[in-house]
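Student: Got a structure for you, written out below as structure tokens; questions coming shortly.
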Amino acid sequence: MLVDSHCHLDHLDLADYQNSLSQLLDAARQCGVGQFLSVGVDLATSARLIEMAQSCRDIVVSVGVHPLQRALPPLPTVAELLGLGRRPGVVAIGETGLDNYYGREQADWQEQSFIHHLQAAAQLGKPVIVHTRDAREQTLALLRAHADTEVGGVIHCFTENWQMARAAMDLNFLIS
Ligand SMILES: [Zn+2]
């Protein structure tokens, strides 16, 4: 069985599937995909994904606010993340992280948001999906300070070097 560990089922172009998500899912199932982890990018879509997971057994979700936002939303609070993170079908927290690829204007917001996600995940005992680019040392420092390294998570969007990969794996994170 294949697991798609990072998809965005609410962001797909369904033109080739008669605009039907269930047709697309069926096509993937026929190719052997047995589980879809659909990753939240903001609180509203995370809530919608939870609804989606309730109607399909092979869909599980994560809840979080992506570090790159066109207009910065209010900082997600630990309480908000815990509230969504406890709902059925939620297996992970994220995606969250630090992304300096386009500059550092949102760096403070990203850092606070990342910390809140790590704190919520640690309280829930759920893994964290980390989207990080061009922020090697800060990402590792925040993981060391706030992540539950018994549970770990995944460093998604990994574009760093072996040294960072090794350090992340030492904190019980997988690389993707
Ligand atoms: Zn993603």
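So you can find residues: chains in the structure tokens are A, B, ... in the order shown, residues in each start at 1, and ligands are numbered from 1 in order.
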As a list in words, please: every residue in range 51-128 of chain A that DSSP puts in strand (DSSP E or B).
Tutor: Ile59, Val60, Val61, Ser62, Val63, Val90, Val91, Ala92, Ile93, Gly94, Glu95, Thr96, Asp99 and Val128 of chain A
Student: Glu137 in chain A: which residues within 12 Å, counting only C-alpha atoms, same-chain residues fewer than 5 positions away excluded, as an MDAnalysis selection string?
Tutor: chainID A and resid 98 132 142:144 160:161 163:165 167:168
Student: Take the residues that were just selected and, keeping N, CA, C and O atoms, output them as a PDB file, in the first residue's frame.
Tutor:
ATOM      1  N   LEU A  98       9.639  27.835   8.978  1.00  0.00           N
ATOM      2  CA  LEU A  98      10.265  29.122   8.663  1.00  0.00           C
ATOM      3  C   LEU A  98      10.654  29.110   7.192  1.00  0.00           C
ATOM      4  O   LEU A  98      11.232  28.136   6.720  1.00  0.00           O
ATOM      5  N   THR A 132      10.329  24.205   5.810  1.00  0.00           N
ATOM      6  CA  THR A 132      11.384  25.149   6.149  1.00  0.00           C
ATOM      7  C   THR A 132      12.313  25.334   4.960  1.00  0.00           C
ATOM      8  O   THR A 132      12.637  24.387   4.249  1.00  0.00           O
ATOM      9  N   LEU A 142      14.699  26.069  17.194  1.00  0.00           N
ATOM     10  CA  LEU A 142      13.316  26.029  17.696  1.00  0.00           C
ATOM     11  C   LEU A 142      12.849  24.590  17.918  1.00  0.00           C
ATOM     12  O   LEU A 142      12.119  24.309  18.869  1.00  0.00           O
ATOM     13  N   LEU A 143      13.282  23.680  17.046  1.00  0.00           N
ATOM     14  CA  LEU A 143      12.931  22.273  17.269  1.00  0.00           C
ATOM     15  C   LEU A 143      13.540  21.786  18.579  1.00  0.00           C
ATOM     16  O   LEU A 143      12.874  21.115  19.368  1.00  0.00           O
ATOM     17  N   ARG A 144      14.803  22.159  18.802  1.00  0.00           N
ATOM     18  CA  ARG A 144      15.463  21.708  20.044  1.00  0.00           C
ATOM     19  C   ARG A 144      14.749  22.277  21.268  1.00  0.00           C
ATOM     20  O   ARG A 144      14.603  21.602  22.288  1.00  0.00           O
ATOM     21  N   GLU A 160      18.066  21.675   2.265  1.00  0.00           N
ATOM     22  CA  GLU A 160      19.271  22.084   2.984  1.00  0.00           C
ATOM     23  C   GLU A 160      20.401  21.086   2.745  1.00  0.00           C
ATOM     24  O   GLU A 160      20.378  20.364   1.767  1.00  0.00           O
ATOM     25  N   ASN A 161      21.347  21.014   3.651  1.00  0.00           N
ATOM     26  CA  ASN A 161      22.515  20.158   3.433  1.00  0.00           C
ATOM     27  C   ASN A 161      22.482  18.924   4.350  1.00  0.00           C
ATOM     28  O   ASN A 161      21.565  18.750   5.164  1.00  0.00           O
ATOM     29  N   GLN A 163      24.380  18.135   6.796  1.00  0.00           N
ATOM     30  CA  GLN A 163      24.550  18.469   8.206  1.00  0.00           C
ATOM     31  C   GLN A 163      23.191  18.738   8.871  1.00  0.00           C
ATOM     32  O   GLN A 163      22.916  18.271   9.977  1.00  0.00           O
ATOM     33  N   MET A 164      22.360  19.490   8.167  1.00  0.00           N
ATOM     34  CA  MET A 164      21.036  19.783   8.724  1.00  0.00           C
ATOM     35  C   MET A 164      20.173  18.523   8.749  1.00  0.00           C
ATOM     36  O   MET A 164      19.427  18.285   9.698  1.00  0.00           O
ATOM     37  N   ALA A 165      20.277  17.705   7.695  1.00  0.00           N
ATOM     38  CA  ALA A 165      19.494  16.460   7.659  1.00  0.00           C
ATOM     39  C   ALA A 165      19.853  15.589   8.860  1.00  0.00           C
ATOM     40  O   ALA A 165      18.984  15.075   9.565  1.00  0.00           O
ATOM     41  N   ALA A 167      21.204  16.525  11.706  1.00  0.00           N
ATOM     42  CA  ALA A 167      20.751  17.145  12.953  1.00  0.00           C
ATOM     43  C   ALA A 167      19.243  16.936  13.135  1.00  0.00           C
ATOM     44  O   ALA A 167      18.777  16.659  14.247  1.00  0.00           O
ATOM     45  N   ALA A 168      18.488  17.046  12.055  1.00  0.00           N
ATOM     46  CA  ALA A 168      17.033  16.853  12.143  1.00  0.00           C
ATOM     47  C   ALA A 168      16.711  15.400  12.484  1.00  0.00           C
ATOM     48  O   ALA A 168      15.839  15.122  13.322  1.00  0.00           O
TER      49      ALA A 168
END
Student: For ligand 1, list the contacting residues at 10 Å or closer, counting only C-alpha atoms and all ligand atoms, as a ChimeraX atom specification.
Tutor: /A:5-8,11,38-41,66,94-96,129-131,156-157
Student: Go through range 36-107 of chain A and collect every residue that DSSP, computed from the backbone, puts in alpha helix (DSSP H); the answer should be as a VMD selection string.
Tutor: chain A and resid 43 to 55 78 to 85 107
Student: Can you tell me which residues surround range 99-114 of chain A at a distance of at most 7 Å, considering only C-alpha atoms, apart from same-chain residues fewer than 5 positions away, and format the answer as an NGL selection string?
Tutor: :A and (67-68 or 75-76 or 132-135)
Student: How about saving the chosen residues, N, CA, C and O atoms kept, as a short mmCIF file (atom, residue, chain, number, x, y, z; two decimals), in the first residue's frame?
Tutor:
data_model
loop_
_atom_site.label_atom_id
_atom_site.label_comp_id
_atom_site.auth_asym_id
_atom_site.auth_seq_id
_atom_site.Cartn_x
_atom_site.Cartn_y
_atom_site.Cartn_z
N PRO A 67 3.74 28.73 6.70
CA PRO A 67 4.55 29.93 6.99
C PRO A 67 4.46 31.02 5.93
O PRO A 67 4.68 32.19 6.24
N LEU A 68 4.20 30.65 4.68
CA LEU A 68 4.10 31.68 3.64
C LEU A 68 2.64 32.05 3.44
O LEU A 68 1.82 31.20 3.08
N LEU A 75 -2.00 35.64 14.36
CA LEU A 75 -1.16 34.53 14.82
C LEU A 75 -2.06 33.40 15.35
O LEU A 75 -2.91 33.65 16.20
N PRO A 76 -1.89 32.18 14.85
CA PRO A 76 -2.70 31.09 15.41
C PRO A 76 -2.29 30.83 16.87
O PRO A 76 -1.10 30.78 17.16
N THR A 132 10.33 24.20 5.81
CA THR A 132 11.38 25.15 6.15
C THR A 132 12.31 25.33 4.96
O THR A 132 12.64 24.39 4.25
N ARG A 133 12.67 26.58 4.69
CA ARG A 133 13.60 26.90 3.60
C ARG A 133 14.47 28.07 4.03
O ARG A 133 13.95 29.05 4.57
N ASP A 134 15.76 27.96 3.76
CA ASP A 134 16.70 29.05 4.05
C ASP A 134 16.61 29.50 5.50
O ASP A 134 16.63 30.71 5.79
N ALA A 135 16.48 28.56 6.41
CA ALA A 135 16.35 28.93 7.83
C ALA A 135 16.88 27.80 8.69
O ALA A 135 16.26 27.36 9.65
#
Student: Between CA of Phe173 in chain A and CA of Ser46 in chain A, what is the spacing in Å?
Tutor: 22.5 Å
Student: Rank nothing, just name the residue among A:Leu82, A:Ala92, A:Met169, A:Leu118 nearest to Ala147 in chain A, using only C-alpha atoms.
Tutor: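 Selected residue with least distance to Ala147 in chain A: A:Leu118.
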Student: Give me, as JSON, numbers by chain, all polymer residues having an atom no more than 10 Å from Pro127 in chain A, counting only C-alpha atoms and skipping those fewer than 4 positions away in the same chain.
Tutor: {"A": [62, 91, 92, 93, 94, 118, 121, 122, 147, 148, 149, 150, 151, 152, 153, 154, 172, 173]}
Student: For those residues, write all heavy atoms to a file as a JSON list (two decimals), in the first residue's frame.
Tutor:
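And here is the file that came out, out.json:
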[["chain", "number", "residue", "atom", "x", "y", "z"],
["A", 62, "SER", "N", -3.81, 17.03, 8.67],
["A", 62, "SER", "CA", -3.05, 17.79, 9.64],
["A", 62, "SER", "C", -3.65, 19.19, 9.71],
["A", 62, "SER", "O", -4.29, 19.64, 8.76],
["A", 62, "SER", "CB", -1.57, 17.88, 9.25],
["A", 62, "SER", "OG", -1.41, 18.78, 8.17],
["A", 91, "VAL", "N", -4.03, 13.67, 12.44],
["A", 91, "VAL", "CA", -2.89, 12.84, 12.83],
["A", 91, "VAL", "C", -1.61, 13.63, 13.00],
["A", 91, "VAL", "O", -0.59, 13.09, 13.45],
["A", 91, "VAL", "CB", -2.65, 11.69, 11.80],
["A", 91, "VAL", "CG1", -3.85, 10.76, 11.73],
["A", 91, "VAL", "CG2", -2.31, 12.25, 10.42],
["A", 92, "ALA", "N", -1.61, 14.91, 12.62],
["A", 92, "ALA", "CA", -0.37, 15.70, 12.70],
["A", 92, "ALA", "C", -0.70, 17.18, 12.78],
["A", 92, "ALA", "O", -1.84, 17.59, 12.51],
["A", 92, "ALA", "CB", 0.52, 15.42, 11.49],
["A", 93, "ILE", "N", 0.31, 17.96, 13.15],
["A", 93, "ILE", "CA", 0.19, 19.42, 13.23],
["A", 93, "ILE", "C", 1.10, 20.03, 12.17],
["A", 93, "ILE", "O", 2.27, 19.67, 12.07],
["A", 93, "ILE", "CB", 0.59, 19.92, 14.64],
["A", 93, "ILE", "CG1", -0.31, 19.32, 15.72],
["A", 93, "ILE", "CG2", 0.55, 21.45, 14.70],
["A", 93, "ILE", "CD1", -1.78, 19.64, 15.61],
["A", 94, "GLY", "N", 0.58, 20.95, 11.38],
["A", 94, "GLY", "CA", 1.35, 21.63, 10.34],
["A", 94, "GLY", "C", 0.52, 21.75, 9.06],
["A", 94, "GLY", "O", -0.64, 21.33, 9.05],
["A", 118, "LEU", "N", 4.58, 23.97, 17.50],
["A", 118, "LEU", "CA", 5.40, 22.97, 18.20],
["A", 118, "LEU", "C", 4.85, 22.71, 19.60],
["A", 118, "LEU", "O", 4.82, 21.56, 20.07],
["A", 118, "LEU", "CB", 6.86, 23.44, 18.28],
["A", 118, "LEU", "CG", 7.61, 23.53, 16.94],
["A", 118, "LEU", "CD1", 8.98, 24.18, 17.14],
["A", 118, "LEU", "CD2", 7.76, 22.15, 16.30],
["A", 121, "ALA", "N", 1.61, 20.65, 19.25],
["A", 121, "ALA", "CA", 1.93, 19.26, 18.86],
["A", 121, "ALA", "C", 2.49, 18.48, 20.05],
["A", 121, "ALA", "O", 2.13, 17.32, 20.26],
["A", 121, "ALA", "CB", 2.93, 19.26, 17.70],
["A", 122, "ALA", "N", 3.36, 19.14, 20.83],
["A", 122, "ALA", "CA", 3.96, 18.46, 21.98],
["A", 122, "ALA", "C", 2.87, 18.11, 23.00],
["A", 122, "ALA", "O", 2.86, 17.03, 23.58],
["A", 122, "ALA", "CB", 5.04, 19.33, 22.61],
["A", 147, "ALA", "N", 10.17, 21.19, 20.34],
["A", 147, "ALA", "CA", 9.55, 19.99, 19.77],
["A", 147, "ALA", "C", 9.59, 18.84, 20.77],
["A", 147, "ALA", "O", 10.49, 18.78, 21.62],
["A", 147, "ALA", "CB", 10.27, 19.58, 18.48],
["A", 148, "ASP", "N", 8.63, 17.94, 20.65],
["A", 148, "ASP", "CA", 8.67, 16.69, 21.42],
["A", 148, "ASP", "C", 9.47, 15.70, 20.58],
["A", 148, "ASP", "O", 8.96, 15.15, 19.60],
["A", 148, "ASP", "CB", 7.24, 16.18, 21.65],
["A", 148, "ASP", "CG", 7.24, 14.88, 22.44],
["A", 148, "ASP", "OD1", 8.31, 14.24, 22.55],
["A", 148, "ASP", "OD2", 6.18, 14.50, 22.94],
["A", 149, "THR", "N", 10.74, 15.48, 20.95],
["A", 149, "THR", "CA", 11.59, 14.65, 20.10],
["A", 149, "THR", "C", 11.34, 13.16, 20.31],
["A", 149, "THR", "O", 11.94, 12.33, 19.64],
["A", 149, "THR", "CB", 13.09, 14.99, 20.33],
["A", 149, "THR", "OG1", 13.37, 14.87, 21.72],
["A", 149, "THR", "CG2", 13.40, 16.39, 19.86],
["A", 150, "GLU", "N", 10.43, 12.82, 21.22],
["A", 150, "GLU", "CA", 9.97, 11.42, 21.28],
["A", 150, "GLU", "C", 9.06, 11.15, 20.08],
["A", 150, "GLU", "O", 9.00, 10.04, 19.57],
["A", 150, "GLU", "CB", 9.15, 11.17, 22.56],
["A", 150, "GLU", "CG", 9.94, 11.27, 23.85],
["A", 150, "GLU", "CD", 10.85, 10.07, 24.01],
["A", 150, "GLU", "OE1", 10.36, 8.94, 23.84],
["A", 150, "GLU", "OE2", 12.04, 10.28, 24.28],
["A", 151, "VAL", "N", 8.31, 12.17, 19.69],
["A", 151, "VAL", "CA", 7.32, 12.01, 18.62],
["A", 151, "VAL", "C", 7.91, 12.45, 17.28],
["A", 151, "VAL", "O", 7.72, 11.79, 16.26],
["A", 151, "VAL", "CB", 6.05, 12.83, 18.93],
["A", 151, "VAL", "CG1", 5.00, 12.65, 17.84],
["A", 151, "VAL", "CG2", 5.47, 12.42, 20.29],
["A", 152, "GLY", "N", 8.64, 13.54, 17.26],
["A", 152, "GLY", "CA", 9.28, 14.01, 16.02],
["A", 152, "GLY", "C", 8.30, 14.50, 14.98],
["A", 152, "GLY", "O", 7.29, 15.12, 15.30],
["A", 153, "GLY", "N", 8.60, 14.18, 13.74],
["A", 153, "GLY", "CA", 7.77, 14.66, 12.64],
["A", 153, "GLY", "C", 8.53, 14.53, 11.34],
["A", 153, "GLY", "O", 9.35, 13.63, 11.19],
["A", 154, "VAL", "N", 8.25, 15.44, 10.41],
["A", 154, "VAL", "CA", 8.89, 15.38, 9.10],
["A", 154, "VAL", "C", 9.32, 16.79, 8.70],
["A", 154, "VAL", "O", 8.61, 17.75, 8.96],
["A", 154, "VAL", "CB", 7.95, 14.73, 8.06],
["A", 154, "VAL", "CG1", 6.67, 15.53, 7.88],
["A", 154, "VAL", "CG2", 8.64, 14.54, 6.72],
["A", 172, "ASN", "N", 14.74, 13.10, 15.74],
["A", 172, "ASN", "CA", 13.64, 12.18, 15.44],
["A", 172, "ASN", "C", 12.71, 12.70, 14.34],
["A", 172, "ASN", "O", 11.53, 12.36, 14.30],
["A", 172, "ASN", "CB", 12.84, 11.86, 16.70],
["A", 172, "ASN", "CG", 12.24, 10.48, 16.67],
["A", 172, "ASN", "OD1", 12.60, 9.67, 15.81],
["A", 172, "ASN", "ND2", 11.30, 10.22, 17.56],
["A", 173, "PHE", "N", 13.26, 13.54, 13.44],
["A", 173, "PHE", "CA", 12.49, 14.02, 12.29],
["A", 173, "PHE", "C", 12.91, 13.27, 11.03],
["A", 173, "PHE", "O", 14.09, 12.94, 10.87],
["A", 173, "PHE", "CB", 12.68, 15.54, 12.12],
["A", 173, "PHE", "CG", 11.78, 16.33, 13.02],
["A", 173, "PHE", "CD1", 12.05, 16.43, 14.38],
["A", 173, "PHE", "CD2", 10.62, 16.93, 12.53],
["A", 173, "PHE", "CE1", 11.21, 17.12, 15.22],
["A", 173, "PHE", "CE2", 9.78, 17.62, 13.37],
["A", 173, "PHE", "CZ", 10.07, 17.73, 14.72]]
Student: Which of these residues is nearest to Ala53 in chain A, using only C-alpha atoms: A:Ala28, A:Val90, A:Ala71, A:Leu124?
Tutor: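 Using only C-alpha atoms, Ala53 in chain A sits closest to A:Val90.
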Student: Nearest to Ala47 in chain A among A:Leu2, A:Ile115, A:Val78, A:Val61, with distances taken over only C-alpha atoms: which residue is it?
Tutor: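 Closest to Ala47 in chain A of all the choices is A:Val61.
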Student: One decimal, in Å: what's the spacing between CA of Gly89 in chain A and CA of Asp10 in chain A?
Tutor: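 CA of Gly89 in chain A sits 15.8 Å away from CA of Asp10 in chain A.
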